[in-house]
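One structure is given here, and the rest of the page talks about it.
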Amino acid sequence: MPLEKIKRGDTVLEARGITKKFPGVVANDKIDFTIKAGEIHAILGENGAGKTTLMNILFGFYQPDEGEIYINGEKVNFRSPLDAIDLGIGMVHQNRKLIPAHTVIENIILGHPKAGNILNLKRTGEEITALCDKYGFKIDLKAKVWQLSEGEKQVVEILKALYRGAKILILDEPTSALAPPEMKKLLASIKIMTRDELAIIPFITHKLPIVLEVSERVTVLRRGKVTARLETAGATEKGLAKEMVGREVIFRTEQVEVERGKPILQVENLSALNDKECLALKGLSFSVHEGEIFGIAGISGNGQHVLAEVLAGLREAEGGKVFLDGTNITRSSSLERWERGIGYIPSERIDVGSIGDFSLIDNVFMNYYFDEEFSKWGIVDSKKIRELTKEIISEYDVATPGPDTIAKSLSGGNLQKLILARVLSRKPRFLIANLPTQGLDVGATEFVQNKLMEAKKEKAGILLISEDLDEVLSLSDRVAPIYEGEFMGIIPREEAKRENIGAMMAGLKHKVEEI
Amino acid sequence: MKLGSYDVKLEKRLTLTGWEAATISILAILFALVLFSFIFLQAGVNPITGYEEIFSYAFVNLYGLPLTINRFIFLLLCTCAFIIPFRAKLWNIGMAGQLYAGALGAFAVVFAFGIKKSPDLDLSPGVVIPLMMAAAAVGGGASGAVVGFLKGKFHTNEIVVTMMINFITFWLVAHMIKEGGPFMGAGGEGEGYKLPASLYAPLIMGVPFTVFIALGLAVLLYFLFVKTNIGYQIKAYGHSPSAARYAGISPFKIPLLVFIMGGLIAGLAGYHYFAAVPGVYKITKNYGDFGDLAFYGIICGLISQGNPLAAIPIALLFGGLTNGGRFAQGKLKLGFGIDYALLGILMITLVAFQFFYRYKIVWIKKEKEK
């Protein structure tokens with residue numbers, strides 16, 4: 001194999017003039033890209049810039065319409081990802097491709113040519129442990145994958161690629177689901193890998209500071225074309241964002257001072273179970289006021305999702321009470337909550353927040369079908385709902401051919417705009433925003449955050465759930481770090497320090513004063 | 001692929017108009033007929049003669065046409081009964097049981113008026129016929145309600161439950177009409193009692209009035225799914241139960257509703273065949289055959305892709321072919337099961353051609369290289 005004898009500084013992968021067209025869109029337009037052994041070369045771009053297509057081409061999942069790929073100077077022609085894997089390319093998927101019911105080690109050896117018919121788990125285990133020690137990963141090889149956090153699952157995918165002998169590692173959004181401490185560990189491991197002459201290609205839409213911190217070179221894509229190739233030494237966060245979006249981006253959303261009104265939502269001693277029937281909320285008590293953003297910071301799986309569902313009426317409370325404007329709504333159906341003025345922006349925007357095969361009109365109607373203004377005698381007022389959809393599209397600048405387009409064809413950012421617009425157009429008294437900017441590019445994130453601020457200005461009470469600490473800190477009036485179903489404290493913004501909150505997210509409730 | 005100076009490519013369709021879908025279906029039918037010609041040839045029959053026999057008996061012949069129309073009404077009702085739950089992505093495999101329940105309901109009304117004691121009872125059709133239909137609808141609807149309730153409340157698999165209810169109702173009918181059962185006919189030959197002549201369903205130009213009910217329901221259902229709020233909720237539930245739940249659409253009410261509606265219409269199909277078709281007017285010995293025929297409702301529903309208007313021509317075609325195929329088999333002395341082979345080929349081709357609902361073939365003339 002050509003990639004086994006490489007020296008630092010050799011060009012291990014080169015892509016020349018990669019072009020890929022899909023009906024109606026040129027996803028990749030003459031893209032050139034090179035990476036050397038021991039280098040980290042990031043690819044940046046917004047949603048829909050063509051990153052995924054390029055990644056799939058480099059991994060052999062798609063064949064380019066034009067252009068060539070060279071591995072270690074030799075021209076290659078991938079027919080499938082298997083060809084790419086055999087030549088030493090490893091892929092760490094954002095949507096993890098692991099089997100949840102299997103153990104870590106079983107997942108790692110799955111599909112490995114050495115595995116054969118009889119598994120020698122002991123020897124394999126030793127080899128994988130050696131890899132872990134070398135790169136500083138800590139993971140229980142006998143744990144089942146469903147028990148792992150997102151960060152740990154990512155480690156499993158990386159180990160899988162390394163164990164398969166990857167010399168070039170493609171990382172799809174490696175930082176999107178990680179808490180600050182996990183991220184630090186991952187970056188340290190990546191640094192060690194580059195010392196072993198591995199070439200690393202992270203594909204990234206946001207968290208630009210991290211890109212600057214670790215990578216040596218950056219290629220920026222916009223609308224399928226390379227707009228910039230930079231050495232990170234000379235790049236700034238603002239500069240990169242400008243290349244990605246094509247205009248200036250303001251990084252801090254302006255805080256709006258709104259006088260805090262009376263409490264809208266009051267929660268008393270709320271507890272609830274998760275899907276595995278374990279106690280996921282352990283007696284939360286808090287209130288959200290008019291004109292306030294109450295931010296919940298936490299690493300996913302600490303109960304914040306369960307909380308959002310309980311408040312939206314999609315999951316039963318095990319104990320405790322929820323009041324909206326003084327009325328007990330603990331047992332109310334989700335429909336009743338919508339009618340009372342609760343709005344919910346779910347984190348699962350494709351599976352829950354929208355219906356892919358429905359037109360945009362029908363998607364907007366999801367929050368209006370129960371509204372008598374929009375259907376008389378059970379007949380849908382299609383004119384009215386069409387008008388509303390058109391207004392939403394133009395006001396929120398949703399990029400789409402028109403209201404009859406199906407939702408599936410929207411990019412992530414545009415879909416989120418549509419969902420946000422639809423929920424906000426109801427002028428909710430109380431809004432639950434669950435990971436509203438997750439996976440969105442810089443431009444869409446900025447837009448969503450500004451819209452939340454506008455809702456706050458109009459006196460809505462907002463519960464913001466986010467894994468992005470910077471977002472929580474810059475938007476919230478009060479911050480509640482959540483860990484294993486409990487708030488580690490409720491802290492006004494003025495007193496919230498990044499380090500403090502980060503430690504509390506990791507469960508260090510009692511050490512707060514010392515830090 | 002290359003053909004001469006053309007490049008032939010498959011391209012994904014982004015939209016599909018009703019006309020395109022209709023054209024594809026017609027092409028599929030023609031293709032199936034061409035394929036089936038080989039079976040005719042193999043049996044030593046000129047395909048043209050073969051098709052002439054089938055189609056002329058099914059759609060022109062004075063004896064064949066009424067049979068076709070009666071089957072068409074029955075199939076269209078069964079198709080509608082399938083389509084409503086299908087739009088909620090739920091599978092109603094229980095039209096057979098629901099139509100048996102409908103038939104039992106209809107005949108129970110006449111039974112309640114004391115038909116067994118005085119067979120020549122003079123009942124007012126204007127009162128009793130609507131009552132029979134209502135009872136048929138209630139019977140079928142109740143049978144469906146059990147399925148919908150179990151689905152909504154306990155997430156049971158609706159396919160298994162509908163199938164099981166088919167068996168239960170099948171034997172319930174046997175219990176009622178055979179060996180001294182309450183609905184047993186005078187002859188005691190394992191048939192139900194015969195309706196008095198006054199309760200024969202009115203005919204309009206020789207066709208039972210139920211044809212208007214079937215066509216009306218198809219149009220109404222089309223309207224339901226295109227225009228109404230409840231139709232929207234059913235579709236939303238069908239496309240994404242989790243998104244529907246998010247929007248506040250009850251995951252209990254929708255399955256219950258669609259199965260009640262579906263069962264109700266299947267119940268009317270039971271009324272139609274046993275109380276409205278000339279020459280029948282009783283629960284026949286071979287009532288199980290009509291249960292089997294009801295399964296074509298699934299086929300028609302799938303081919304029409306859940307569109308009740310598209311189901312009309314398809315139900316007519318299948319009604320005609322089940323009828324004409326059997327006739328031609330006898331007349332041309334073809335082997336047993338040739339009519340089923342024709343239907344089978346037709347179904348497979350229609351389903352296979354749905355590939356073209358999603359893809360189209362594009363011809364690109366290659367530019368001459370300079």
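By order in the structure tokens, chains are A, B, ...; within a chain, residues start at 1; ligands start at 1, following the order shown.
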
At most 6 Å to chain B: residues in chain A, only C-alpha atoms, as number ranges by chain: A: 334-335, 352-353, 366, 378-380

All residues 7 Å or closer to segment 59-72 of chain B, only C-alpha atoms, same chain fewer than 6 positions away omitted, as an NGL selection string: :B and (207 or 277 or 315-316 or 319-320 or 323)

Just C-alpha atoms for this one: save the residues we selected as a tab-separated table (two decimals), in the first residue's frame.
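Result saved to result_24.tsv:
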```
chain	number	residue	atom	x	y	z
B	207	VAL	CA	-77.68	-1.12	-11.65
B	277	VAL	CA	-76.93	-7.26	-6.14
B	315	ALA	CA	-61.52	-0.69	-9.56
B	316	LEU	CA	-63.49	-0.75	-12.81
B	319	GLY	CA	-63.85	-5.61	-11.61
B	320	GLY	CA	-64.01	-6.21	-15.35
B	323	ASN	CA	-65.19	-11.17	-14.46
```

Distance query Gly263 of chain B at most 7 Å, only C-alpha atoms, self and fewer than 5 positions along chain excluded, as a list in words: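 Using only C-alpha atoms, the neighbours found are Ala81, Met95, Gln98, Gly140, Gly141, Ser143 and Gly144 of chain B.
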
Store the residues of this selection in a file with C-alpha atoms, as a tab-separated table (two decimals), in the first residue's frame.
```tsv
chain	number	residue	atom	x	y	z
B	81	ALA	CA	-62.04	1.28	3.02
B	95	MET	CA	-62.05	-5.41	4.76
B	98	GLN	CA	-65.64	-5.62	8.15
B	140	GLY	CA	-68.25	-2.60	9.78
B	141	GLY	CA	-67.35	0.52	11.73
B	143	SER	CA	-65.22	-4.03	13.63
B	144	GLY	CA	-62.78	-1.32	12.53
```

From A:Ile299, A:Pro180, A:Gly402, A:His93, residue lying nearest Arg498 of chain A [only C-alpha atoms]: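 Distance minimum relative to Arg498 of chain A lands on A:Pro180.
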
Best match for closeness to Thr284 of chain B among B:Val160, B:Ala174, B:Leu16, B:Ile299, counting only C-alpha atoms: B:Ala174

d(atom CA of Phe33 of chain A, atom CA of Val211 of chain A) in Å: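 Computing the Euclidean distance for atom CA of Phe33 of chain A and atom CA of Val211 of chain A yields 17.2 Å.
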
Among listed residues B:Leu30, B:Ala276, B:Ile303, B:Leu76, nearest Tyr357 of chain B (using only C-alpha atoms):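 Smallest separation from Tyr357 of chain B among the options: B:Ile303.
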
Nearby residues (only C-alpha atoms) at most 8 Å from Leu230 of chain A, same-chain spacing under 6 positions excluded, as a ChimeraX atom specification: /A:217-219

Just-selected residues, N, CA and C atoms written as an mmCIF file, in the first residue's frame:
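This is the output file out_39.cif:
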```cif
data_model
loop_
_atom_site.group_PDB
_atom_site.id
_atom_site.type_symbol
_atom_site.label_atom_id
_atom_site.label_comp_id
_atom_site.auth_asym_id
_atom_site.auth_seq_id
_atom_site.Cartn_x
_atom_site.Cartn_y
_atom_site.Cartn_z
ATOM 1 N N ARG A 217 -3.871 24.656 7.719
ATOM 2 C CA ARG A 217 -4.403 25.302 6.526
ATOM 3 C C ARG A 217 -5.916 25.170 6.514
ATOM 4 N N VAL A 218 -6.568 26.104 5.837
ATOM 5 C CA VAL A 218 -8.023 26.088 5.750
ATOM 6 C C VAL A 218 -8.427 26.329 4.307
ATOM 7 N N THR A 219 -9.404 25.546 3.834
ATOM 8 C CA THR A 219 -10.011 25.818 2.538
ATOM 9 C C THR A 219 -11.466 26.166 2.797
#
```

In segment 257-472 of chain A, DSSP alpha helix (DSSP H) residues written as a ChimeraX atom specification: /A:304-312,334-340,360-365,382-395,412-424,442-457,469-472

Contacts of segment 46-50 of chain A at 8 Å (only C-alpha atoms; same-chain gap of 6+ positions) as a PyMOL selection string: chain A and resi 27-28+205+221-225+244-245+411-413+440-443

What would the file look like if the residues just selected were written as a compact mmCIF listing (two decimals), in the first residue's frame with C-alpha atoms?
```txt
# COMPACT_ATOMS: atom_id res chain seq x y z
CA ALA A 27 -22.63 21.02 -5.66
CA ASN A 28 -18.89 21.09 -6.36
CA THR A 205 -19.61 24.80 9.71
CA LEU A 221 -16.19 26.69 0.27
CA ARG A 222 -19.14 28.80 -0.71
CA ARG A 223 -21.85 27.66 -3.14
CA GLY A 224 -19.73 24.81 -4.39
CA LYS A 225 -16.63 26.88 -5.11
CA MET A 244 -17.94 31.55 4.34
CA VAL A 245 -21.01 33.74 4.36
CA SER A 411 -31.29 23.09 3.73
CA GLY A 412 -30.98 22.73 7.51
CA GLY A 413 -30.74 26.44 8.11
CA LEU A 440 -26.60 25.78 11.55
CA ASP A 441 -24.00 27.83 9.78
CA VAL A 442 -22.78 31.19 10.98
CA GLY A 443 -25.28 33.27 9.02
```

Selected residue, from A:Lys7, A:Arg422, A:Lys459, A:Lys30, that lies nearest to Ile385 of chain A when counting only C-alpha atoms: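 Among A:Lys7, A:Arg422, A:Lys459, A:Lys30, it is A:Arg422 that comes nearest to Ile385 of chain A.
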
Residues flagged strand (DSSP E or B) by DSSP in segment 143-282 of chain B, as a PyMOL selection string: chain B and resi 184+192+203-204+207-208+228

Put those residues in a file: C-alpha atoms, as a PDB file, in the first residue's frame.
```
ATOM      1  CA  MET B 184     -80.330 -19.666   8.468  1.00  0.00           C
ATOM      2  CA  GLY B 192     -78.693 -17.110   5.030  1.00  0.00           C
ATOM      3  CA  LEU B 203     -82.171  -0.565  -9.380  1.00  0.00           C
ATOM      4  CA  ILE B 204     -81.429   2.356 -11.632  1.00  0.00           C
ATOM      5  CA  VAL B 207     -77.675  -1.120 -11.645  1.00  0.00           C
ATOM      6  CA  PRO B 208     -78.058  -1.101  -7.844  1.00  0.00           C
ATOM      7  CA  THR B 228     -60.408  19.409   4.998  1.00  0.00           C
TER       8      THR B 228
END
```
